[in-house]
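A quick write-up on the structure given underneath.
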Amino acid sequence: MTGQSLTQCLDKYYPKRRHCLLHRNHCPRHTRLIKDSDECTFLNNWLTDLLNNLFPRVCVLCDAPGHRHLDLCKECIADLPWLKDCCVICAVPLPLNQRNLCGQCLVKEPSFSRCISAFEYRYPVDRLIIKFKFSQQLIIGKVLAYLAAGIIQQQTDENDLPDLLIPVPIHPKRLRQRGFNQALEIADVISEFLAIPVDYQSCSRLINTATQKSLPAKQRHSNLKGVFSVNRSIANQSIAIIDDVMTTGATAEALSRCMVKAGARKVQVWTIARTPDPLIS
Ligand SMILES: [Zn+2]
Ligand SMILES: [Zn+2]
């Protein structure tokens with residue numbers, strides 16, 4: 001990718017995204033080079049400060065002033081249900097002080113190497129994600145994605161960072177109803193934070209599945225057969241699948257299998273939140 005011209009890179013991965021306030025429409029890899037200049041950093045910081053002063057950040061949970069440039073205050077951030085004790089592969093929350101494999105991964109490991117989730121899917125993160133997805137409050141998705149990006153960075157060795165972020169695709173019909181793909185919104189923030197390009201064109205959802213939550217676990221897996229397709233070559237790429245919540249892991253597993261079949265070298269899953277296993281909690 002480094003050998004590509006900026007235009008090629010833009011066309012392929014980043015047609016409508018922005019990174020640097022001064023150099024809009026640049027892919028993160030290329031913008032990173034520009035952004036590293038002193039002049040650019042200075043002006044970006046100045047513009048960010050100006051915007052923050054004109055439009056001060058307010059906590060989306062308690063209306064107190066936001067912490068730094070975030071739409072959450074320091075106290076609310078500290079009180080969020082950060083995911084600590086969890087399965088080292090699928091990130092399902094485990095009882096206190098346990099950090100090994102969960103029962104499901106012991107029986108059969110998934111096709112992805114690991115999942116990183118920042119939060120347990122419980123109050124207030126569950127409410128915030130519902131507001132983000134169903135009330136079009138994109139700002140909530142952005143702040144949660146920013147916090148998740150920090151956790152991903154902490155937990156990932158630089159050499160282990162993927163080549164591409166692929167948001168879980170939604171069906172065009174669902175996209176028209178909702179107006180946006182929540183996974184792409186999250187991927188954009190993580191992309192800016194870690195300077196990894198987003199590829200939202202290589203994978204598509206062929207079937208508009210029923211809401212997974214209403215289905216029993218076994219049915220969720222069979223309901224996802226043939227749902228995703230990989231349209232372009234991702235051979236030898238290391239990929240992170242991006243989604244808002246990982247529930248049973250059926251969606252991530254179905255997409256990951258498609259990617260492995262299409263030649264992906266390695267697949268990991270990064271989500272904002274992870275639901276507890278109903279049998280454990
Ligand atoms: Zn607050
Ligand atoms: Zn597990």
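Naming scheme: A, B, ... for chains in displayed order of the structure tokens; residues 1 onward per chain; ligands 1 onward as shown.
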inquiry  = Any residue with an atom at most 12 Å from ligand 2 counts, using only C-alpha atoms and all ligand atoms. Which are they? Put them as a PyMOL selection string.
reply    = chain A and resi 85-94+98-116+246-249+274-277+280
Item to complete: Tell me which protein, DNA and RNA residues are within 6 Å of range 47-59 of chain A, counting only C-alpha atoms, leaving out same-chain ones fewer than 6 positions away, and put them as a ChimeraX atom specification.
Response: /A:65-66,71-73
Using N, CA and C atoms, can you export the residues from the last selection as a PDB file, in the first residue's frame?
ATOM      1  N   PRO A  65     -19.529  19.411  31.669  1.00  0.00           N
ATOM      2  CA  PRO A  65     -18.586  19.683  30.567  1.00  0.00           C
ATOM      3  C   PRO A  65     -17.812  18.428  30.182  1.00  0.00           C
ATOM      4  N   GLY A  66     -17.605  18.239  28.893  1.00  0.00           N
ATOM      5  CA  GLY A  66     -16.906  17.045  28.406  1.00  0.00           C
ATOM      6  C   GLY A  66     -15.438  17.034  28.811  1.00  0.00           C
ATOM      7  N   ASP A  71     -17.249  13.878  24.258  1.00  0.00           N
ATOM      8  CA  ASP A  71     -18.630  14.156  24.641  1.00  0.00           C
ATOM      9  C   ASP A  71     -19.037  13.304  25.837  1.00  0.00           C
ATOM     10  N   LEU A  72     -18.102  13.071  26.726  1.00  0.00           N
ATOM     11  CA  LEU A  72     -18.358  12.392  28.001  1.00  0.00           C
ATOM     12  C   LEU A  72     -17.488  13.093  29.047  1.00  0.00           C
ATOM     13  N   CYS A  73     -17.972  13.167  30.317  1.00  0.00           N
ATOM     14  CA  CYS A  73     -17.142  13.798  31.339  1.00  0.00           C
ATOM     15  C   CYS A  73     -16.212  12.747  31.955  1.00  0.00           C
TER      16      CYS A  73
END
Exercise for review: Would you kindly return, as a list in words, each protein, DNA or RNA residue with an atom no farther than 7 Å from any atom of Ile186 in chain A, considering only C-alpha atoms and excluding same-chain residues fewer than 5 positions away?
Suggested key: Gly141, Lys142 and Ala145 of chain A
Counting only C-alpha atoms, what is within 12 Å of Gln137 in chain A, bar same-chain residues fewer than 6 positions away, as a list of chain:residue names?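 Within the cut-off, the hits are A:Val60, A:Asp71, A:Arg127, A:Leu128, A:Ile129, A:Ile130, A:Lys131, A:Val143, A:Leu144, A:Arg178, A:Gly179, A:Phe180, A:Gln182, A:Glu185.
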| Which neighbours of Pro172 in chain A fall inside 9 Å, counting only C-alpha atoms, when residues of the same chain fewer than 6 positions from it are skipped, and could you give them as a PyMOL selection string? | chain A and resi 205-206+208
Give me, as a VMD selection string, all polymer residues having an atom no more than 12 Å from Gln154 in chain A, counting only C-alpha atoms and skipping those fewer than 5 positions away in the same chain.
chain A and resid 116 to 118 147 to 149 160 to 161 194
Selected residues written out with C-alpha atoms, as a short mmCIF file (atom, residue, chain, number, x, y, z; two decimals), in the first residue's frame:
data_model
loop_
_atom_site.label_atom_id
_atom_site.label_comp_id
_atom_site.auth_asym_id
_atom_site.auth_seq_id
_atom_site.Cartn_x
_atom_site.Cartn_y
_atom_site.Cartn_z
CA ILE A 116 -10.90 -6.94 21.50
CA SER A 117 -13.90 -5.17 23.05
CA ALA A 118 -13.64 -2.10 25.22
CA LEU A 147 -12.44 5.19 23.76
CA ALA A 148 -12.39 1.71 22.18
CA ALA A 149 -9.53 2.76 19.87
CA ASP A 160 0.14 -7.06 15.20
CA LEU A 161 -1.83 -4.12 13.77
CA LEU A 194 -4.47 4.12 14.48
#
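The space between CA of Ile140 in chain A and CA of Val198 in chain A spans 20.0 Å.
The nearest approach to ligand 1 among the residues A:Glu75, A:Ser238, A:Arg68, A:Trp46, with only C-alpha atoms and all ligand atoms taken into account, belongs to A:Glu75.
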The distance between CA of Ile207 in chain A and CA of Asn181 in chain A is 15.4 Å
Distance criterion (only C-alpha atoms): nearest to Ser191 in chain A out of A:Thr209, A:Lys84, A:Pro167, A:Asp126: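 The closest residue to Ser191 in chain A is A:Pro167.
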Could you name the residues that touch Val168 in chain A at 9 Å or less, counting only C-alpha atoms, but leaving out those on the same chain fewer than 3 positions away, as a PyMOL selection string? chain A and resi 181-184+200+203-205+241-243+251-252+255
With distances taken over only C-alpha atoms and all ligand atoms, the candidate from A:Ile77, A:Leu224, A:Ala195, A:Asn45 nearest ligand 1 is A:Ile77
